[in-house]
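Have a look at data_7.txt; it's compact mmCIF, C-alpha atoms:
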# COMPACT_ATOMS: atom_id res chain seq x y z
CA MET F 1 0.00 0.00 0.00
CA LYS F 2 1.09 3.60 -0.59
CA ALA F 3 -0.06 7.14 0.06
CA SER F 4 -2.29 8.78 -2.52
CA ARG F 5 -0.62 11.48 -4.58
CA TYR F 6 -3.75 13.62 -4.03
CA ASN F 7 -3.63 13.90 -0.24
CA ILE F 8 -3.76 17.51 0.92
CA ILE F 9 -3.11 18.33 4.59
CA LEU F 10 -4.02 21.69 6.15
CA ARG F 11 -3.30 22.64 9.79
CA ASP F 12 -4.96 25.02 12.21
CA SER F 13 -5.39 25.43 15.99
CA GLY F 14 -4.10 22.01 17.01
CA PHE F 15 -5.92 20.11 14.29
CA SER F 16 -5.00 18.78 10.88
CA TYR F 17 -7.54 18.53 8.07
CA TRP F 18 -6.95 15.79 5.53
CA TYR F 19 -8.51 16.03 2.07
CA ASN F 20 -8.17 13.72 -0.92
CA SER F 21 -8.98 15.52 -4.16
CA LEU F 22 -9.58 12.29 -6.09
CA SER F 23 -12.20 10.85 -3.74
CA ASN F 24 -13.42 14.26 -2.50
CA ARG F 25 -13.39 12.93 1.07
CA PHE F 26 -11.91 14.53 4.19
CA PHE F 27 -11.47 14.08 7.94
CA ARG F 28 -9.90 15.86 10.92
CA LEU F 29 -7.18 14.71 13.32
CA SER F 30 -5.27 16.13 16.24
CA GLU F 31 -1.80 17.40 15.32
CA SER F 32 -0.03 14.68 17.33
CA VAL F 33 -1.79 11.87 15.46
CA CYS F 34 -1.33 13.74 12.19
CA ASP F 35 2.46 13.85 12.50
CA LYS F 36 2.68 10.11 13.11
CA LEU F 37 0.24 9.27 10.30
CA GLU F 38 1.97 11.56 7.81
CA ARG F 39 5.37 10.03 8.58
CA ASN F 40 4.13 6.46 8.31
CA ILE F 41 2.15 7.02 5.11
CA ALA F 42 5.01 8.87 3.45
CA SER F 43 7.45 6.05 4.19
CA SER F 44 4.86 3.24 3.89
CA ASP F 45 6.04 2.08 7.33
CA ASP F 46 3.62 0.49 9.77
CA ILE F 47 0.53 1.78 7.95
CA GLU F 48 -1.38 -1.30 8.97
CA SER F 49 -0.40 -0.78 12.63
CA PHE F 50 -3.15 1.81 13.03
CA PRO F 51 -6.48 0.64 14.49
CA GLN F 52 -8.36 -1.51 12.00
CA SER F 53 -11.38 0.81 11.71
CA PHE F 54 -9.13 3.82 11.08
CA TYR F 55 -7.02 1.94 8.55
CA GLU F 56 -10.14 0.84 6.67
CA LYS F 57 -11.35 4.43 6.58
CA LEU F 58 -8.03 5.58 5.11
CA VAL F 59 -8.41 2.96 2.37
CA ASP F 60 -12.10 3.64 1.81
CA PHE F 61 -11.53 7.39 1.56
CA GLY F 62 -8.65 6.90 -0.90
CA PHE F 63 -5.84 8.23 1.30
CA ILE F 64 -4.05 4.87 1.10
CA ILE F 65 -4.13 2.95 -2.16
CA ASP F 66 -2.76 -0.26 -3.63
CA ASP F 67 0.80 -0.01 -4.95
CA LYS F 68 -0.37 -0.98 -8.43
CA ILE F 69 -2.89 1.87 -8.80
CA ASP F 70 -1.96 4.69 -11.16
CA GLU F 71 -4.07 7.56 -9.89
CA LEU F 72 -3.24 9.87 -12.76
CA GLU F 73 -4.64 7.30 -15.17
CA LYS F 74 -7.76 7.13 -13.01
CA VAL F 75 -8.16 10.89 -13.38
CA ARG F 76 -7.77 10.58 -17.15
CA GLU F 77 -10.33 7.76 -17.26
CA LYS F 78 -12.84 9.70 -15.17
CA ASN F 79 -12.33 12.77 -17.32
CA GLU F 80 -12.92 10.81 -20.51
CA SER F 81 -16.00 9.16 -19.00
CA ALA F 82 -17.40 12.56 -18.00
CA ILE F 83 -16.79 13.98 -21.47
CA ARG F 84 -18.58 11.04 -23.16
CA SER F 85 -21.44 10.76 -20.65
CA LYS F 86 -24.81 10.70 -22.40
CA ASP F 87 -26.50 12.74 -19.70
CA TYR F 88 -27.42 15.53 -22.09
CA PHE F 89 -27.18 19.13 -20.85
CA LEU F 90 -28.99 21.49 -23.21
CA VAL F 91 -28.91 25.26 -22.75
CA ILE F 92 -31.64 27.15 -24.62
CA LEU F 93 -31.73 30.91 -25.14
CA PRO F 94 -35.25 32.06 -26.13
CA THR F 95 -33.88 35.60 -26.50
CA LEU F 96 -30.78 37.73 -26.05
CA ASP F 97 -32.96 40.60 -24.90
CA CYS F 98 -33.34 41.51 -21.23
CA ASN F 99 -35.43 43.88 -19.14
CA PHE F 100 -32.31 44.91 -17.17
CA LYS F 101 -29.06 46.39 -18.49
CA CYS F 102 -26.39 45.37 -15.95
CA TRP F 103 -23.10 47.19 -16.50
CA TYR F 104 -20.95 44.08 -16.06
CA CYS F 105 -22.97 41.79 -18.34
CA ILE F 106 -20.91 40.14 -21.05
CA GLN F 107 -23.83 40.11 -23.50
CA ASP F 108 -25.24 42.65 -25.91
CA HIS F 109 -28.96 42.62 -25.23
CA ILE F 110 -30.41 42.78 -28.72
CA VAL F 111 -34.13 42.68 -29.43
CA SER F 112 -34.78 39.05 -30.36
CA LYS F 113 -37.15 36.15 -29.93
CA MET F 114 -36.99 32.49 -30.95
CA SER F 115 -39.17 31.88 -34.00
CA PHE F 116 -41.79 29.14 -34.40
CA ASN F 117 -39.51 27.52 -37.01
CA THR F 118 -36.58 27.32 -34.59
CA LEU F 119 -38.90 26.03 -31.86
CA GLU F 120 -39.93 23.18 -34.17
CA LYS F 121 -36.27 22.42 -34.92
CA LEU F 122 -35.63 22.21 -31.19
CA LYS F 123 -38.46 19.71 -30.80
CA ASN F 124 -36.91 17.62 -33.58
CA HIS F 125 -33.54 17.95 -31.89
CA ILE F 126 -34.90 16.54 -28.63
CA LYS F 127 -36.50 13.66 -30.56
CA TYR F 128 -33.23 13.04 -32.39
CA MET F 129 -31.18 12.98 -29.18
CA LEU F 130 -33.61 10.53 -27.59
CA SER F 131 -34.06 8.18 -30.54
CA ASP F 132 -30.74 8.29 -32.40
CA CYS F 133 -28.17 9.37 -29.80
CA LYS F 134 -29.75 7.36 -26.97
CA ILE F 135 -29.16 9.98 -24.30
CA THR F 136 -29.58 8.68 -20.75
CA SER F 137 -31.07 11.89 -19.29
CA LEU F 138 -32.07 15.37 -20.43
CA SER F 139 -31.44 18.55 -18.45
CA ILE F 140 -32.60 21.83 -19.96
CA GLU F 141 -31.21 25.12 -18.68
CA TRP F 142 -33.10 28.24 -19.79
CA PHE F 143 -30.72 31.11 -20.34
CA GLY F 144 -30.54 34.45 -22.13
CA GLY F 145 -30.96 37.39 -22.10
CA GLU F 146 -33.90 36.97 -19.78
CA PRO F 147 -35.57 33.69 -20.79
CA PHE F 148 -38.79 34.25 -18.83
CA MET F 149 -39.72 37.14 -21.10
CA TYR F 150 -41.12 34.36 -23.30
CA PHE F 151 -42.40 31.85 -20.77
CA ASP F 152 -45.77 31.22 -22.46
CA ASP F 153 -44.48 31.25 -26.04
CA ILE F 154 -41.31 29.17 -25.69
CA ILE F 155 -40.44 27.81 -22.22
CA SER F 156 -43.81 26.26 -21.45
CA PRO F 157 -44.57 24.52 -24.78
CA LEU F 158 -41.04 23.19 -25.28
CA SER F 159 -40.85 21.95 -21.69
CA GLU F 160 -44.15 20.10 -22.08
CA PHE F 161 -42.87 18.53 -25.30
CA ALA F 162 -39.61 17.44 -23.65
CA ILE F 163 -41.41 15.96 -20.64
CA LYS F 164 -43.80 13.98 -22.84
CA ASN F 165 -41.06 12.57 -25.08
CA CYS F 166 -38.68 11.78 -22.22
CA LYS F 167 -41.45 9.77 -20.55
CA GLU F 168 -42.02 7.82 -23.75
CA TYR F 169 -38.32 6.87 -23.85
CA GLY F 170 -38.02 6.31 -20.10
CA VAL F 171 -35.40 9.06 -19.81
CA PRO F 172 -35.21 11.31 -16.71
CA PHE F 173 -35.90 15.00 -17.35
CA ARG F 174 -34.93 18.08 -15.36
CA ASN F 175 -35.69 21.77 -15.93
CA SER F 176 -33.67 24.69 -14.55
CA ALA F 177 -33.13 28.34 -15.37
CA THR F 178 -30.80 31.28 -14.98
CA THR F 179 -33.07 34.28 -14.55
CA ASN F 180 -33.28 37.68 -12.88
CA ALA F 181 -36.63 36.52 -11.37
CA PHE F 182 -38.46 39.66 -12.47
CA TYR F 183 -41.06 37.66 -14.41
CA LEU F 184 -41.70 35.04 -11.73
CA ASN F 185 -45.27 36.16 -11.10
CA ASP F 186 -48.03 34.05 -9.54
CA THR F 187 -49.23 32.72 -12.91
CA VAL F 188 -45.75 31.50 -13.84
CA ILE F 189 -45.02 30.11 -10.38
CA GLU F 190 -48.15 27.95 -10.42
CA LYS F 191 -46.86 26.12 -13.54
CA LEU F 192 -43.28 25.43 -12.42
CA ASP F 193 -43.89 22.09 -10.71
CA PHE F 194 -45.88 20.81 -13.68
CA LEU F 195 -42.97 21.77 -15.96
CA GLU F 196 -40.49 19.87 -13.74
CA PHE F 197 -38.41 22.88 -12.67
CA LYS F 198 -35.92 21.91 -9.97
CA ASN F 199 -33.41 24.76 -9.67
CA PHE F 200 -33.06 28.46 -10.38
CA GLN F 201 -29.92 30.54 -10.44
CA ILE F 202 -30.81 34.13 -9.59
CA THR F 203 -28.42 37.04 -9.19
CA LEU F 204 -28.11 39.85 -6.68
CA ASP F 205 -25.66 42.68 -7.31
CA GLY F 206 -24.40 43.27 -3.82
CA SER F 207 -26.50 44.82 -1.06
CA LYS F 208 -29.80 46.55 -1.77
CA GLU F 209 -28.30 50.00 -2.30
CA PHE F 210 -25.97 48.76 -5.03
CA HIS F 211 -28.31 46.19 -6.56
CA ASP F 212 -31.01 48.79 -7.20
CA LYS F 213 -28.51 51.02 -8.98
CA VAL F 214 -27.61 48.16 -11.34
CA LYS F 215 -31.07 46.64 -11.87
CA PHE F 216 -33.94 49.10 -12.10
CA GLN F 217 -37.32 49.03 -13.80
CA HIS F 218 -40.01 51.63 -14.35
CA GLY F 219 -42.77 51.26 -11.76
CA ILE F 220 -40.66 49.15 -9.37
CA ALA F 221 -39.38 51.00 -6.30
CA SER F 222 -36.75 48.36 -5.51
CA SER F 223 -35.86 45.46 -7.79
CA PHE F 224 -33.94 43.95 -4.84
CA ASP F 225 -37.15 43.68 -2.78
CA TYR F 226 -39.24 42.69 -5.80
CA VAL F 227 -36.98 39.80 -6.83
CA LEU F 228 -36.54 38.38 -3.32
CA LYS F 229 -40.28 38.48 -2.68
CA ASN F 230 -40.79 36.56 -5.95
CA ILE F 231 -38.26 33.97 -4.80
CA ASP F 232 -39.96 33.56 -1.43
CA ARG F 233 -43.40 33.11 -3.05
CA MET F 234 -41.99 30.58 -5.52
CA LEU F 235 -40.44 28.48 -2.76
CA LYS F 236 -43.68 28.51 -0.76
CA VAL F 237 -45.66 27.22 -3.76
CA SER F 238 -43.08 24.80 -5.23
CA PRO F 239 -41.54 22.46 -2.64
CA GLN F 240 -39.29 20.69 -5.18
CA ILE F 241 -37.44 23.86 -6.23
CA SER F 242 -34.14 25.11 -4.84
CA VAL F 243 -32.41 28.41 -5.58
CA THR F 244 -28.77 29.31 -6.05
CA LEU F 245 -28.62 32.97 -5.08
CA ARG F 246 -25.54 34.20 -6.86
CA ILE F 247 -24.08 37.42 -5.48
CA ASN F 248 -22.10 39.18 -8.19
CA TYR F 249 -19.77 41.35 -6.17
CA THR F 250 -17.18 44.03 -6.67
CA HIS F 251 -14.79 45.10 -3.94
CA ASN F 252 -17.14 48.02 -3.22
CA ASN F 253 -20.70 46.68 -3.39
CA LEU F 254 -20.59 43.93 -0.75
CA ASN F 255 -21.10 44.46 2.97
CA GLU F 256 -22.73 42.72 5.93
CA LYS F 257 -25.99 44.63 5.45
CA ILE F 258 -26.91 42.25 2.65
CA VAL F 259 -27.50 39.42 5.14
CA GLU F 260 -30.22 41.27 7.04
CA GLU F 261 -31.68 42.65 3.82
CA VAL F 262 -32.09 39.17 2.34
CA LYS F 263 -33.16 37.58 5.63
CA ASN F 264 -35.97 40.12 6.06
CA LEU F 265 -37.51 39.11 2.72
CA ILE F 266 -37.08 35.31 2.84
CA SER F 267 -39.25 33.23 5.16
CA GLU F 268 -37.32 31.23 7.73
CA LEU F 269 -38.74 27.94 6.41
CA ASN F 270 -37.48 28.69 2.89
CA ARG F 271 -33.90 29.65 3.74
CA ASN F 272 -32.48 26.12 3.73
CA ARG F 273 -33.50 25.79 0.06
CA ILE F 274 -31.36 28.77 -0.95
CA THR F 275 -27.61 28.48 -1.48
CA ILE F 276 -25.60 31.71 -1.34
CA ALA F 277 -22.84 31.68 -3.99
CA PRO F 278 -20.51 34.71 -4.19
CA ARG F 279 -18.91 35.48 -7.58
CA LYS F 280 -16.53 38.33 -8.34
CA VAL F 281 -17.47 40.18 -11.53
CA TRP F 282 -14.85 39.56 -14.19
CA GLN F 283 -13.92 43.23 -14.57
CA GLU F 284 -12.51 43.37 -11.03
CA LYS F 285 -8.83 42.60 -10.49
CA PRO F 286 -8.09 39.76 -8.04
CA ASP F 287 -7.66 40.70 -4.39
CA LYS F 288 -6.94 37.69 -2.18
CA SER F 289 -7.31 39.76 1.00
CA PHE F 290 -10.99 40.43 0.21
CA MET F 291 -11.99 36.82 0.81
CA SER F 292 -11.95 37.23 4.59
CA LYS F 293 -14.81 39.72 4.19
CA VAL F 294 -16.69 37.35 1.85
CA ARG F 295 -16.28 34.43 4.26
CA ASN F 296 -17.54 36.50 7.18
CA ILE F 297 -20.67 37.32 5.16
CA LEU F 298 -21.10 33.63 4.32
CA ASP F 299 -20.88 32.79 8.03
CA LEU F 300 -23.66 35.27 8.77
CA PHE F 301 -25.85 33.82 6.02
CA ASN F 302 -25.22 30.32 7.38
CA LYS F 303 -26.21 31.37 10.90
CA ALA F 304 -29.42 32.82 9.46
CA GLY F 305 -30.38 29.40 8.05
CA PHE F 306 -29.17 29.66 4.45
CA ASN F 307 -26.90 27.19 2.70
CA VAL F 308 -23.62 28.70 1.52
CA GLU F 309 -21.12 27.71 -1.13
CA ARG F 310 -17.73 27.71 0.56
CA SER F 311 -15.84 26.08 -2.28
CA ASN F 312 -16.53 25.78 -5.98
CA HIS F 313 -14.06 23.00 -6.67
CA VAL F 314 -15.28 20.51 -9.26
CA THR F 315 -16.48 16.97 -8.57
CA SER F 316 -17.35 16.03 -12.16
CA PHE F 317 -13.76 15.59 -13.47
CA ILE F 318 -14.27 18.27 -16.13
CA PRO F 319 -13.42 21.97 -15.72
CA CYS F 320 -16.69 23.10 -17.29
CA TYR F 321 -19.83 21.49 -18.69
CA ALA F 322 -18.82 22.89 -22.10
CA ASN F 323 -16.19 20.12 -22.05
CA LYS F 324 -18.94 17.52 -22.50
CA GLU F 325 -19.68 15.95 -25.85
CA PHE F 326 -23.35 15.89 -24.92
CA TYR F 327 -23.68 19.57 -24.11
CA ASN F 328 -24.90 22.30 -26.46
CA ALA F 329 -26.23 25.85 -26.20
CA ILE F 330 -28.84 26.74 -28.81
CA ASN F 331 -29.43 30.41 -29.49
CA PHE F 332 -32.80 32.01 -30.35
CA ASN F 333 -31.90 31.92 -34.08
CA GLY F 334 -30.89 28.24 -34.20
CA HIS F 335 -27.17 28.96 -34.04
CA VAL F 336 -25.32 26.59 -31.72
CA VAL F 337 -22.37 27.42 -29.47
CA LYS F 338 -20.39 25.72 -26.75
CA CYS F 339 -19.71 28.80 -24.62
CA THR F 340 -22.31 31.44 -23.77
CA ALA F 341 -19.71 33.71 -22.14
CA CYS F 342 -18.20 34.96 -25.37
CA ASN F 343 -19.10 36.65 -28.65
CA ASP F 344 -19.97 33.39 -30.44
CA LEU F 345 -23.65 34.13 -29.73
CA TYR F 346 -23.46 37.14 -32.08
CA ASP F 347 -21.32 35.63 -34.82
CA PRO F 348 -23.15 35.85 -38.19
CA ASP F 349 -21.07 32.84 -39.27
CA PRO F 350 -22.10 30.36 -36.54
CA LYS F 351 -19.86 27.62 -35.18
CA GLY F 352 -22.81 25.23 -35.27
CA ILE F 353 -26.27 25.27 -36.76
CA LEU F 354 -29.45 23.42 -35.84
CA MET F 355 -30.90 21.57 -38.83
CA SER F 356 -34.58 20.93 -39.59
CA ASP F 357 -34.22 17.22 -38.80
CA GLY F 358 -32.81 18.00 -35.34
CA ARG F 359 -29.14 17.32 -36.03
CA ILE F 360 -26.42 19.86 -35.27
CA VAL F 361 -23.84 20.53 -37.97
CA TRP F 362 -20.55 22.00 -36.71
CA LYS F 363 -18.13 24.07 -38.73
CA ASP F 364 -14.61 22.57 -38.90
CA ASN F 365 -15.38 20.14 -36.05
CA PHE F 366 -15.57 23.10 -33.68
CA ASP F 367 -17.32 21.09 -30.96
CA ARG F 368 -14.40 18.68 -30.65
CA LYS F 369 -12.04 21.51 -29.75
CA TYR F 370 -13.96 21.91 -26.49
CA GLN F 371 -13.15 18.32 -25.61
CA ASN F 372 -9.42 19.06 -25.44
CA LYS F 373 -7.75 18.14 -22.17
CA SER F 374 -6.32 21.37 -20.84
CA PHE F 375 -4.83 19.58 -17.82
CA GLU F 376 -2.29 17.69 -19.94
CA ASN F 377 0.65 19.90 -18.97
CA ASP F 378 3.44 19.55 -16.41
CA ARG F 379 1.98 22.06 -13.96
CA CYS F 380 -1.45 20.43 -13.75
CA LEU F 381 -0.24 16.84 -13.90
CA SER F 382 1.99 17.38 -10.88
CA CYS F 383 -0.63 19.29 -8.87
CA LYS F 384 -2.30 17.68 -5.85
CA LYS F 385 -5.59 19.48 -6.53
CA LEU F 386 -5.94 18.34 -10.16
CA PRO F 387 -9.05 16.10 -9.70
CA ALA F 388 -10.88 18.93 -7.90
CA CYS F 389 -9.86 21.58 -10.42
CA MET F 390 -9.28 19.91 -13.82
CA SER F 391 -7.47 22.98 -15.13
CA GLN F 392 -8.68 26.06 -16.97
CA CYS F 393 -11.85 26.68 -18.94
CA PRO F 394 -11.99 25.07 -22.40
CA ARG F 395 -12.51 28.38 -24.22
CA ASN F 396 -9.41 29.98 -22.69
CA TYR F 397 -7.43 26.89 -23.64
CA ILE F 398 -8.67 26.99 -27.24
CA GLU F 399 -7.76 30.66 -27.50
CA GLY F 400 -4.23 29.98 -26.28
CA ARG F 401 -4.47 31.49 -22.80
CA ARG F 402 -2.56 29.40 -20.27
CA GLY F 403 -2.23 29.45 -16.50
CA CYS F 404 -3.90 28.32 -13.28
CA LYS F 405 -7.47 29.60 -13.05
CA TYR F 406 -6.94 30.48 -9.38
CA ASP F 407 -4.43 33.15 -10.48
CA PHE F 408 -7.43 35.24 -11.58
CA THR F 409 -9.73 34.86 -8.57
CA ASP F 410 -10.01 36.45 -5.13
CA ASN F 411 -10.14 33.01 -3.54
CA SER F 412 -7.48 30.34 -3.33
CA PHE F 413 -8.23 26.63 -3.57
CA GLU F 414 -6.57 25.87 -0.24
CA ASP F 415 -8.34 28.65 1.69
CA ASP F 416 -11.73 27.64 0.29
CA LEU F 417 -11.06 24.00 1.09
CA PHE F 418 -10.00 24.81 4.64
CA ASP F 419 -13.08 26.98 5.15
CA LEU F 420 -15.30 24.15 3.89
CA MET F 421 -13.72 21.49 6.13
CA LYS F 422 -13.48 23.63 9.24
CA ASN F 423 -17.10 24.71 9.04
CA SER F 424 -18.31 21.15 8.47
CA TYR F 425 -16.92 20.29 11.91
CA SER F 426 -18.08 23.47 13.67
Let's see the structure in the file written out as structure tokens.
Amino acid sequence: MKASRYNIILRDSGFSYWYNSLSNRFFRLSESVCDKLERNIASSDDIESFPQSFYEKLVDFGFIIDDKIDELEKVREKNESAIRSKDYFLVILPTLDCNFKCWYCIQDHIVSKMSFNTLEKLKNHIKYMLSDCKITSLSIEWFGGEPFMYFDDIISPLSEFAIKNCKEYGVPFRNSATTNAFYLNDTVIEKLDFLEFKNFQITLDGSKEFHDKVKFQHGIASSFDYVLKNIDRMLKVSPQISVTLRINYTHNNLNEKIVEEVKNLISELNRNRITIAPRKVWQEKPDKSFMSKVRNILDLFNKAGFNVERSNHVTSFIPCYANKEFYNAINFNGHVVKCTACNDLYDPDPKGILMSDGRIVWKDNFDRKYQNKSFENDRCLSCKKLPACMSQCPRNYIEGRRGCKYDFTDNSFEDDLFDLMKNSYS
């Protein structure tokens, strides 16, 4: 037996926290036991002299492995399996238009709406993926623009079609959406369970003062209050739905007031179905020192009964869902892209196009470029956190940008990991 190459040990206040990035398992020990264990594992001496139950846990959690196991090959195998998985993730953009004009948004919000012809092509595409490609599940993510601008015309009829056809093929179906929640009125909310919606990602732009300066609408005194009240009503009506409340922050728009402001508008019973996920807007330069403020705010949210995202390390063995063979994003005009965070959505010469029979035709095998393995370099291959990171985003890799993705974030992998483990014990 030998020590896993993916063991990461962090120390604090008389304890050591052990994490294995391949198995995504962790435990805590006292420092005295840690020193002995680390010495014995490193030298492969007397590993089996530890108590049987503890030894079995080390094996079960992947901290000790058989001498013959090549863990790097296991990572490669899991990555390839994730890329080829037939769990189909389909992003649909009914429009690129939006009722808000957020300053940091990467998209040009052009007046647009999916046509009846494109809607029919999408129905044929779903049929094609079920019958010819034999997908094992279908997850639709509604995106935009603001997708719920066209709930009745596009989201509702296509969702009903997908549900009906997935049932006929015995394939699980899941609906989700990224939305600003402005259009989540009572009429829409009443239909969400029937349409199999399970998750919403909804964005706040810092505390109320800052959010209302970014998102404003004629006739609405506070979009911050309006959106959170919509969320609370939705959760009361739809017990199967959860919400990821993404806080897009700058180094100026985030303060502790946001916790009370959100708490005052979300019923106590609904808070455990909301996960707070902070994300720095891309225009801000990294500032590692700012994370202590973010973590303090997360602690306050947690104490108030909300779930919080303390680490965004990957568990799927791909750096991004765009890496998947069975992932596509279909624009309102039938153009198909792999990344929605770039100008491909506006390219008059599309990378992919949705055909009338439901197939997608790619230009110059563009889709295969997104299946490249950006981790196949010396820096990533020698890194202990590889299985929980899987390197940079596929688009950056295609465009020739190289480097660790954590070089461009406020957070560090190790600090996030420590925060996650420490709080799981407290």
Residues near Asp132 in chain F, anyone? I mean within 12 Å using only C-alpha atoms, not counting same-chain ones fewer than 2 positions away, as a list in words.
Lys86, Asn124, His125, Ile126, Lys127, Tyr128, Met129, Leu130, Lys134, Ile135, Thr136, Tyr169, Asp357, Gly358 and Arg359 of chain F
Could you write out that same residue set with C-alpha atoms as a PDB file, in the frame of the given file?
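Below is the file that was written, again_17.pdb:
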ATOM      1  CA  LYS F  86     -24.810  10.700 -22.400  1.00  0.00           C
ATOM      2  CA  ASN F 124     -36.910  17.620 -33.580  1.00  0.00           C
ATOM      3  CA  HIS F 125     -33.540  17.950 -31.890  1.00  0.00           C
ATOM      4  CA  ILE F 126     -34.900  16.540 -28.630  1.00  0.00           C
ATOM      5  CA  LYS F 127     -36.500  13.660 -30.560  1.00  0.00           C
ATOM      6  CA  TYR F 128     -33.230  13.040 -32.390  1.00  0.00           C
ATOM      7  CA  MET F 129     -31.180  12.980 -29.180  1.00  0.00           C
ATOM      8  CA  LEU F 130     -33.610  10.530 -27.590  1.00  0.00           C
ATOM      9  CA  LYS F 134     -29.750   7.360 -26.970  1.00  0.00           C
ATOM     10  CA  ILE F 135     -29.160   9.980 -24.300  1.00  0.00           C
ATOM     11  CA  THR F 136     -29.580   8.680 -20.750  1.00  0.00           C
ATOM     12  CA  TYR F 169     -38.320   6.870 -23.850  1.00  0.00           C
ATOM     13  CA  ASP F 357     -34.220  17.220 -38.800  1.00  0.00           C
ATOM     14  CA  GLY F 358     -32.810  18.000 -35.340  1.00  0.00           C
ATOM     15  CA  ARG F 359     -29.140  17.320 -36.030  1.00  0.00           C
TER      16      ARG F 359
END
Work out how far apart CA of Ile202 in chain F and CA of Ala162 in chain F are and give it in Å to one decimal.
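Result for CA of Ile202 in chain F versus CA of Ala162 in chain F: 23.5 Å, one decimal.
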Coordinates-based distance that separates CA of Phe50 in chain F from CA of Leu37 in chain F (Å, one decimal) =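 Straight-line distance from CA of Leu37 in chain F to CA of Phe50 in chain F works out to 8.6 Å.
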Can you tell me which residues surround Thr203 in chain F at a distance of at most 9 Å, considering all atoms listed in the file, apart from same-chain residues fewer than 4 positions away, and format the answer as a VMD selection string?
chain F and resid 178 to 181 244 to 248
Q.
My list of candidates is F:Gln52, F:Asp35, F:Lys384, F:Ile297. Which is closest to Tyr6 in chain F when distances are computed with only C-alpha atoms?
A.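 The closest residue to Tyr6 in chain F is F:Lys384.
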Considering all atoms listed in the file, can you say which of F:Ser156, F:Asn40, F:Ser112, F:Ser316 comes closest to Lys191 in chain F?
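Ranked by minimum distance to Lys191 in chain F, first place goes to F:Ser156.
With CA of Ile353 in chain F on one side and CA of Val336 in chain F on the other, the separation reads 5.3 Å.
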Counting all atoms listed in the file, closest pick from F:Met355, F:Ile83, F:Ile92, F:Ile258 relative to Gln371 in chain F is F:Ile83
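Taking only C-alpha atoms into account, Tyr406 in chain F lies nearest to F:His313 out of the set F:His313, F:Lys338, F:Lys257, F:Lys164.
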So which residues touch Ser23 in chain F within 9 Å, counting all atoms listed in the file, skipping near sequence neighbours fewer than 4 positions away, as a ChimeraX atom specification? /F:6,19,61-63,315,387
*Using only C-alpha atoms, which of F:Asn199, F:Gln392, F:Ser4, F:Ser222 sits nearest Ser139 in chain F?*
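Closest to Ser139 in chain F, using only C-alpha atoms: F:Asn199.
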- Leaving out Arg174 in chain F and any residue of its chain fewer than 6 positions from it, which residues lie within 10 Å of it when counting only C-alpha atoms, given as a ChimeraX atom specification? /F:89,137-141,159,162-163,195-199
**Prompt:** Of the residues F:Asp367, F:Asp419, F:Asp410, F:Asp378, which is the one nearest to Lys285 in chain F, using all atoms listed in the file?
**Reply:**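 Ranking F:Asp367, F:Asp419, F:Asp410, F:Asp378 by distance to Lys285 in chain F, first place goes to F:Asp410.
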Long-range neighbours of Asn411 in chain F as a ChimeraX atom specification, 7 Å cut-off, all atoms listed in the file, 3 positions minimum in chain: /F:288,291,416
